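Chemist: Structure in structure tokens, see below.
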Amino acid sequence: MSIRRGPVTIRVPASSANLGPGFDAFGLALSLHDELTVEAIDEGLEIEVVGEGAGDVPLNAEHLVVRAMEAAFELLAERPAGLRLSCLNRIPHARGLGSSSAAIVGGIAAARALVEGSDERFDDLAAYQLAADLEGHPDNVAAAQLGGFTIAWIEGAAAAVERLDTDVPITVFVPPEPVSTERARGLLPETVLHADAAANAGRAALLVAALTGAPHRLISATEDRLHQAYRAEAMPASYQLVRSLRVDGVPTVISGAGPTVLAFARGITDAAPAGWTVHELDVDPEGVRVL
Ligand code: HSE
């Protein structure tokens, strides 16, 4: 194997996890993308970040894209002497839209693109496995890697995934303040009622049907009893928006660990509280790709 000089540009989608009842399992790739351009150079590490997170993310080997690239180079036993990375970030950070998964999946794809012949030793499934290991759970990375609607799970130590096509209208409402996934996960109880677990299992099954041919079921199928209400204290305005849109019949959930609100509808941007950002989006069917 040898190193391509580059530059190569990678496009990687935002993603929404959980979708209501599918906690830590469901993912949906969204038509909001980060772009990374990487180039092999003779020495050193040069990083430029434009857009979301510029000024906040470290411009050194701690940068998440670089860490993911280094993990992939290690598995490929090949790395360039130096790297130039340029990030055009559109996915907001710490809002429940999969920005860290996009960085990890994008970094791994960039490393694969720089190493000639890497596909023989490092296929999409291996990339997904590495991304899930780096992220700590597989739901967002599955959608960022494969696009569409993904159902992810862990089989022993292996990350597994089933990908389905779906085409639904989406609006995301992004609050101005972040909530860390760590804080949101810390609000979850250690045990839940059997009745709540059973309710979520049924709704999650229904959501697979709703997203793949029965959209009139989306309002019932997006009911959750396992995480959203527990997290409301960290994102009260988001929880209130979910409740008020649902009362109006709009299938609406907290996106991932929040605080972004995702509705399966368009034409509702007026519902955004003052100061929030709104995007009307589609499902990204492709996942990460080299441009
Ligand atoms: N399923 C995860 C959670 C998504 O809700 O905590 C966050 O990455």
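Labels for the structure tokens follow display order: chains A, B, ..., residues from 1 in each chain, ligands from 1.
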At a cut-off of 9 Å around ligand 1, and using only C-alpha atoms and all ligand atoms, what residues come up? Please write them as a ChimeraX atom specification.
Modeler: /A:16-18,22-27,96-98,100-101,135-141,181-182,184-185,227-228,254-258
Chemist: Restricting it to N, CA, C and O atoms, dump the selection as a CSV table (one decimal), in the first residue's frame.
Modeler:
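Result written to result.csv:
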```
chain,number,residue,atom,x,y,z
A,16,SER,N,-29.8,11.8,13.3
A,16,SER,CA,-30.6,11.8,14.5
A,16,SER,C,-30.8,10.4,15.1
A,16,SER,O,-31.1,9.5,14.3
A,17,ALA,N,-30.5,10.3,16.4
A,17,ALA,CA,-30.6,8.9,17.0
A,17,ALA,C,-31.9,8.9,17.8
A,17,ALA,O,-32.6,9.9,18.1
A,18,ASN,N,-32.3,7.7,18.1
A,18,ASN,CA,-33.4,7.3,19.0
A,18,ASN,C,-34.8,7.4,18.2
A,18,ASN,O,-35.6,6.5,18.2
A,22,GLY,N,-36.6,4.3,19.8
A,22,GLY,CA,-35.5,3.4,19.5
A,22,GLY,C,-34.2,3.8,20.1
A,22,GLY,O,-33.2,3.9,19.5
A,23,PHE,N,-34.3,3.9,21.5
A,23,PHE,CA,-33.1,4.4,22.2
A,23,PHE,C,-31.8,3.6,22.0
A,23,PHE,O,-31.8,2.3,22.1
A,24,ASP,N,-30.8,4.3,21.6
A,24,ASP,CA,-29.4,3.7,21.3
A,24,ASP,C,-29.5,2.7,20.1
A,24,ASP,O,-28.5,1.9,20.0
A,25,ALA,N,-30.5,2.7,19.3
A,25,ALA,CA,-30.6,1.7,18.2
A,25,ALA,C,-30.9,2.4,16.9
A,25,ALA,O,-30.2,2.1,15.9
A,26,PHE,N,-31.9,3.3,16.9
A,26,PHE,CA,-32.3,3.8,15.6
A,26,PHE,C,-31.5,5.1,15.2
A,26,PHE,O,-31.1,5.8,16.1
A,27,GLY,N,-31.2,5.2,13.9
A,27,GLY,CA,-30.5,6.4,13.4
A,27,GLY,C,-31.1,6.8,12.1
A,27,GLY,O,-31.6,6.0,11.3
A,96,GLY,N,-27.3,17.1,19.6
A,96,GLY,CA,-28.1,15.9,19.3
A,96,GLY,C,-28.2,15.6,17.8
A,96,GLY,O,-29.2,15.0,17.4
A,97,LEU,N,-27.3,16.1,17.0
A,97,LEU,CA,-27.3,15.9,15.6
A,97,LEU,C,-26.1,15.2,15.0
A,97,LEU,O,-25.8,15.2,13.8
A,98,GLY,N,-25.4,14.5,15.9
A,98,GLY,CA,-24.4,13.5,15.5
A,98,GLY,C,-23.1,14.2,15.0
A,98,GLY,O,-22.5,13.6,14.1
A,100,SER,N,-20.2,14.6,16.5
A,100,SER,CA,-19.0,13.8,16.8
A,100,SER,C,-19.0,12.5,16.0
A,100,SER,O,-17.9,12.1,15.5
A,101,SER,N,-20.1,11.9,15.7
A,101,SER,CA,-20.1,10.7,14.9
A,101,SER,C,-19.7,11.1,13.4
A,101,SER,O,-19.0,10.4,12.8
A,135,GLU,N,-16.8,6.0,19.1
A,135,GLU,CA,-17.9,6.8,19.6
A,135,GLU,C,-18.5,6.3,20.9
A,135,GLU,O,-19.0,7.0,21.8
A,136,GLY,N,-18.5,5.0,21.1
A,136,GLY,CA,-19.0,4.4,22.4
A,136,GLY,C,-20.3,3.8,22.2
A,136,GLY,O,-20.7,3.0,23.1
A,137,HIS,N,-21.1,4.2,21.2
A,137,HIS,CA,-22.4,3.6,20.9
A,137,HIS,C,-22.6,3.7,19.4
A,137,HIS,O,-22.1,4.7,18.8
A,138,PRO,N,-23.4,2.8,18.8
A,138,PRO,CA,-23.4,2.7,17.4
A,138,PRO,C,-24.4,3.5,16.6
A,138,PRO,O,-24.4,3.5,15.4
A,139,ASP,N,-25.4,4.1,17.3
A,139,ASP,CA,-26.6,4.5,16.6
A,139,ASP,C,-26.3,5.7,15.6
A,139,ASP,O,-26.7,5.6,14.4
A,140,ASN,N,-25.6,6.7,16.0
A,140,ASN,CA,-25.4,7.8,15.1
A,140,ASN,C,-24.3,7.4,14.0
A,140,ASN,O,-24.5,7.8,12.8
A,141,VAL,N,-23.3,6.7,14.4
A,141,VAL,CA,-22.3,6.3,13.4
A,141,VAL,C,-22.9,5.4,12.3
A,141,VAL,O,-22.4,5.5,11.2
A,181,THR,N,-24.0,15.1,25.8
A,181,THR,CA,-24.6,13.8,25.8
A,181,THR,C,-24.3,13.2,27.2
A,181,THR,O,-25.2,12.4,27.7
A,182,GLU,N,-23.2,13.5,27.8
A,182,GLU,CA,-22.8,12.9,29.1
A,182,GLU,C,-23.9,13.3,30.1
A,182,GLU,O,-24.3,12.5,30.9
A,184,ALA,N,-27.0,14.4,29.5
A,184,ALA,CA,-28.3,13.8,29.2
A,184,ALA,C,-28.3,12.3,29.6
A,184,ALA,O,-29.3,11.8,30.0
A,185,ARG,N,-27.2,11.6,29.4
A,185,ARG,CA,-27.2,10.2,29.7
A,185,ARG,C,-27.2,10.0,31.3
A,185,ARG,O,-27.8,9.0,31.8
A,227,HIS,N,-36.7,7.7,27.8
A,227,HIS,CA,-35.6,8.7,27.9
A,227,HIS,C,-36.0,10.1,27.9
A,227,HIS,O,-35.5,10.9,28.6
A,228,GLN,N,-37.0,10.5,27.0
A,228,GLN,CA,-37.2,11.9,26.8
A,228,GLN,C,-37.7,12.6,28.1
A,228,GLN,O,-37.2,13.7,28.4
A,254,ILE,N,-37.3,14.3,20.6
A,254,ILE,CA,-36.0,14.9,20.9
A,254,ILE,C,-35.0,14.1,20.0
A,254,ILE,O,-35.0,12.9,19.9
A,255,SER,N,-34.1,14.9,19.3
A,255,SER,CA,-33.1,14.3,18.4
A,255,SER,C,-32.0,13.8,19.2
A,255,SER,O,-31.3,14.6,19.9
A,256,GLY,N,-31.7,12.5,19.2
A,256,GLY,CA,-30.6,11.9,20.0
A,256,GLY,C,-30.7,12.3,21.4
A,256,GLY,O,-31.8,12.2,22.0
A,257,ALA,N,-29.6,12.7,22.0
A,257,ALA,CA,-29.6,13.1,23.4
A,257,ALA,C,-30.0,14.5,23.6
A,257,ALA,O,-30.0,15.0,24.7
A,258,GLY,N,-30.5,15.2,22.5
A,258,GLY,CA,-31.0,16.5,22.6
A,258,GLY,C,-29.9,17.5,22.6
A,258,GLY,O,-28.7,17.2,22.5
```
Chemist: Just asking: which residues within stretch 217-261 of chain A are helix (DSSP H, G or I) according to DSSP, as a PyMOL selection string?
Modeler: chain A and resi 217-221+232-234+236-247
Chemist: Write the residues of the selection above to a file with N, CA, C and O atoms, as a CSV table (one decimal), in the first residue's frame.
Modeler:
```
chain,number,residue,atom,x,y,z
A,217,ARG,N,-48.8,6.2,10.6
A,217,ARG,CA,-48.6,5.7,12.0
A,217,ARG,C,-47.5,6.5,12.7
A,217,ARG,O,-47.2,6.1,13.9
A,218,LEU,N,-46.9,7.5,12.1
A,218,LEU,CA,-45.7,8.1,12.8
A,218,LEU,C,-46.1,8.7,14.1
A,218,LEU,O,-45.2,8.7,15.0
A,219,ILE,N,-47.3,9.3,14.3
A,219,ILE,CA,-47.5,9.9,15.6
A,219,ILE,C,-47.6,8.9,16.7
A,219,ILE,O,-47.0,9.1,17.7
A,220,SER,N,-48.2,7.7,16.5
A,220,SER,CA,-48.2,6.7,17.5
A,220,SER,C,-46.8,6.1,17.6
A,220,SER,O,-46.4,5.7,18.7
A,221,ALA,N,-46.1,5.9,16.5
A,221,ALA,CA,-44.9,5.2,16.5
A,221,ALA,C,-43.7,6.0,17.1
A,221,ALA,O,-42.7,5.4,17.4
A,232,ALA,N,-36.0,15.9,30.4
A,232,ALA,CA,-36.6,17.2,30.2
A,232,ALA,C,-36.0,18.3,31.1
A,232,ALA,O,-35.9,19.4,30.6
A,233,GLU,N,-35.5,18.0,32.3
A,233,GLU,CA,-35.0,19.0,33.1
A,233,GLU,C,-33.7,19.7,32.5
A,233,GLU,O,-33.4,20.8,32.8
A,234,ALA,N,-33.0,19.0,31.7
A,234,ALA,CA,-31.8,19.5,31.0
A,234,ALA,C,-32.2,20.3,29.8
A,234,ALA,O,-31.3,21.1,29.2
A,236,PRO,N,-35.8,21.9,29.1
A,236,PRO,CA,-37.2,22.1,29.2
A,236,PRO,C,-37.9,22.7,28.0
A,236,PRO,O,-39.0,22.3,27.7
A,237,ALA,N,-37.3,23.7,27.3
A,237,ALA,CA,-38.0,24.3,26.2
A,237,ALA,C,-38.1,23.3,25.0
A,237,ALA,O,-39.1,23.3,24.3
A,238,SER,N,-37.1,22.4,24.9
A,238,SER,CA,-37.2,21.4,23.8
A,238,SER,C,-38.3,20.4,24.1
A,238,SER,O,-39.1,20.0,23.3
A,239,TYR,N,-38.4,20.0,25.4
A,239,TYR,CA,-39.5,19.0,25.8
A,239,TYR,C,-40.8,19.7,25.6
A,239,TYR,O,-41.8,19.0,25.1
A,240,GLN,N,-40.9,20.9,25.9
A,240,GLN,CA,-42.2,21.7,25.7
A,240,GLN,C,-42.6,21.7,24.3
A,240,GLN,O,-43.8,21.5,23.9
A,241,LEU,N,-41.6,22.0,23.4
A,241,LEU,CA,-41.9,22.0,22.0
A,241,LEU,C,-42.3,20.7,21.4
A,241,LEU,O,-43.3,20.6,20.6
A,242,VAL,N,-41.7,19.6,21.9
A,242,VAL,CA,-42.1,18.3,21.5
A,242,VAL,C,-43.6,18.1,21.9
A,242,VAL,O,-44.4,17.6,21.1
A,243,ARG,N,-43.9,18.4,23.1
A,243,ARG,CA,-45.3,18.1,23.6
A,243,ARG,C,-46.3,19.0,22.8
A,243,ARG,O,-47.3,18.5,22.4
A,244,SER,N,-46.0,20.3,22.5
A,244,SER,CA,-47.0,21.1,21.9
A,244,SER,C,-47.2,20.7,20.4
A,244,SER,O,-48.3,20.7,19.9
A,245,LEU,N,-46.1,20.3,19.7
A,245,LEU,CA,-46.3,19.9,18.3
A,245,LEU,C,-47.0,18.6,18.3
A,245,LEU,O,-47.9,18.3,17.4
A,246,ARG,N,-46.8,17.7,19.3
A,246,ARG,CA,-47.5,16.4,19.3
A,246,ARG,C,-49.0,16.6,19.5
A,246,ARG,O,-49.8,15.9,18.9
A,247,VAL,N,-49.3,17.5,20.4
A,247,VAL,CA,-50.7,17.8,20.7
A,247,VAL,C,-51.4,18.3,19.4
A,247,VAL,O,-52.6,18.0,19.1
```
Chemist: Find, counting only C-alpha atoms, the residue in A:Arg121, A:His93, A:Arg84, A:Arg79 that gets nearest to A:Glu46.
Modeler: A:Arg84
Chemist: So how many Å separate atom CA of A:Ala159 and atom CA of A:Tyr128, to one decimal?
Modeler: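 Going from atom CA of A:Ala159 over to atom CA of A:Tyr128 covers 7.4 Å.
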Chemist: Output as CSV one row per residue of stretch 130-191 of chain A within 12 Å of stretch 61-72 of chain A: the closest atom pair and its distance in Å to one decimal place, counting only C-alpha atoms, sorted by chain and residue number ascending.
Modeler:
```
residue,atom,partner,partner_atom,distance
A:Leu130,CA,A:Ala72,CA,7.7
A:Ala131,CA,A:Ala68,CA,7.7
A:Ala132,CA,A:Ala68,CA,11.0
A:Asp133,CA,A:Ala71,CA,10.4
A:Leu134,CA,A:Ala68,CA,7.6
A:Glu135,CA,A:Ala68,CA,9.8
```
Chemist: Write the residues you've just listed into a file as a PDB file, in the first residue's frame, and include N, CA, C and O atoms for each of them.
Modeler:
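This went into out.pdb:
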```pdb
ATOM      1  N   LEU A 130     -14.999   0.350  13.743  1.00  0.00           N
ATOM      2  CA  LEU A 130     -14.036   1.261  14.362  1.00  0.00           C
ATOM      3  C   LEU A 130     -14.743   2.528  14.844  1.00  0.00           C
ATOM      4  O   LEU A 130     -14.495   3.017  15.954  1.00  0.00           O
ATOM      5  N   ALA A 131     -15.653   3.052  14.020  1.00  0.00           N
ATOM      6  CA  ALA A 131     -16.371   4.275  14.404  1.00  0.00           C
ATOM      7  C   ALA A 131     -17.209   4.036  15.661  1.00  0.00           C
ATOM      8  O   ALA A 131     -17.249   4.877  16.568  1.00  0.00           O
ATOM      9  N   ALA A 132     -17.875   2.893  15.740  1.00  0.00           N
ATOM     10  CA  ALA A 132     -18.696   2.585  16.916  1.00  0.00           C
ATOM     11  C   ALA A 132     -17.813   2.460  18.161  1.00  0.00           C
ATOM     12  O   ALA A 132     -18.173   2.920  19.246  1.00  0.00           O
ATOM     13  N   ASP A 133     -16.639   1.839  18.010  1.00  0.00           N
ATOM     14  CA  ASP A 133     -15.715   1.709  19.146  1.00  0.00           C
ATOM     15  C   ASP A 133     -15.267   3.091  19.624  1.00  0.00           C
ATOM     16  O   ASP A 133     -15.206   3.350  20.825  1.00  0.00           O
ATOM     17  N   LEU A 134     -14.945   3.979  18.680  1.00  0.00           N
ATOM     18  CA  LEU A 134     -14.463   5.313  19.060  1.00  0.00           C
ATOM     19  C   LEU A 134     -15.588   6.146  19.673  1.00  0.00           C
ATOM     20  O   LEU A 134     -15.369   6.894  20.625  1.00  0.00           O
ATOM     21  N   GLU A 135     -16.803   6.027  19.135  1.00  0.00           N
ATOM     22  CA  GLU A 135     -17.932   6.839  19.626  1.00  0.00           C
ATOM     23  C   GLU A 135     -18.498   6.292  20.934  1.00  0.00           C
ATOM     24  O   GLU A 135     -18.999   7.050  21.764  1.00  0.00           O
TER      25      GLU A 135
END
```
Chemist: Give me the residues within 6 Å of A:Val253 as a list of chain:residue names, counting only C-alpha atoms and dropping any in the same chain fewer than 3 places off.
Modeler: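 Non-adjacent residues within range: A:Gly20, A:Val242, A:Val261, A:Leu262.
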Chemist: Create the file for the chosen residues now, containing C-alpha atoms and written as a compact mmCIF listing (two decimals), in the first residue's frame.
Modeler:
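The result, stored in result.txt:
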```txt
# COMPACT_ATOMS: atom_id res chain seq x y z
CA GLY A 20 -38.51 8.42 20.04
CA VAL A 242 -42.11 18.25 21.49
CA VAL A 261 -36.21 18.81 18.37
CA LEU A 262 -36.98 16.76 15.24
```
Chemist: Could you check which of A:Val172, A:Ala204, A:Ala40, A:Leu19 is closest to A:Trp276, using only C-alpha atoms?
Modeler: A:Val172
Chemist: Dump as a tab-separated table the rows for residues of stretch 100-194 of chain A within 6 Å of stretch 2-10 of chain A: closest atom pair and distance in Å with one decimal, only C-alpha atoms counted, ordered by chain and rising residue number.
Modeler:
```
residue	atom	partner	partner_atom	distance
A:Leu114	CA	A:Arg4	CA	5.0
A:Val115	CA	A:Ile3	CA	4.8
A:Glu116	CA	A:Ser2	CA	5.4
```
Chemist: Would you please extract all strand (DSSP E or B) residues from stretch 11-175 of chain A, as assigned by DSSP on the backbone, and give them as a VMD selection string?
Modeler: chain A and resid 11 to 18 22 to 41 45 to 51 82 to 89 115 149 to 155 158 to 164 170 to 174
Chemist: List the spatial neighbours of A:Leu59 as a count of residues only - criterion: any atom at most 10 Å away, only C-alpha atoms, same-chain residues fewer than 6 positions off excluded.
Modeler: 7
Chemist: Could you pull the residues within 10 Å of A:Val192, counting only C-alpha atoms, minus those fewer than 5 positions along the same chain, as a list of chain:residue names?
Modeler: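 Contacts, in chain order: A:Ala197, A:Arg225, A:Leu226, A:His227.
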Chemist: Go ahead and save the residues from that selection, with N, CA and C atoms, as a PDB file, in the first residue's frame.
Modeler:
```
ATOM      1  N   ALA A 197     -40.871  -0.480  29.243  1.00  0.00           N
ATOM      2  CA  ALA A 197     -40.016  -1.188  28.281  1.00  0.00           C
ATOM      3  C   ALA A 197     -40.873  -1.865  27.213  1.00  0.00           C
ATOM      4  N   ARG A 225     -41.137   6.185  26.247  1.00  0.00           N
ATOM      5  CA  ARG A 225     -41.274   6.242  27.700  1.00  0.00           C
ATOM      6  C   ARG A 225     -39.944   5.996  28.415  1.00  0.00           C
ATOM      7  N   LEU A 226     -38.856   5.891  27.658  1.00  0.00           N
ATOM      8  CA  LEU A 226     -37.598   5.467  28.290  1.00  0.00           C
ATOM      9  C   LEU A 226     -36.552   6.566  28.468  1.00  0.00           C
ATOM     10  N   HIS A 227     -36.656   7.663  27.754  1.00  0.00           N
ATOM     11  CA  HIS A 227     -35.578   8.655  27.926  1.00  0.00           C
ATOM     12  C   HIS A 227     -36.012  10.115  27.863  1.00  0.00           C
TER      13      HIS A 227
END
```
Chemist: Taking only C-alpha atoms into account, name the residue in A:Ala272, A:His216, A:Ala109, A:Leu207 that is nearest to A:Gly249.
Modeler: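 Under the stated criterion, the closest residue is A:His216.
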Chemist: Would you mind telling me which residue in A:Asn200, A:Thr269, A:Thr252, A:Thr166 lies nearest to A:Ala29 when using only C-alpha atoms?
Modeler: A:Thr166
Chemist: Could you tell me which of A:Glu78, A:Asp119, A:Asp165, A:Glu43 comes closest to A:Gly213 if we count only C-alpha atoms?
Modeler: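 Among the listed residues, A:Asp165 lies closest to A:Gly213.
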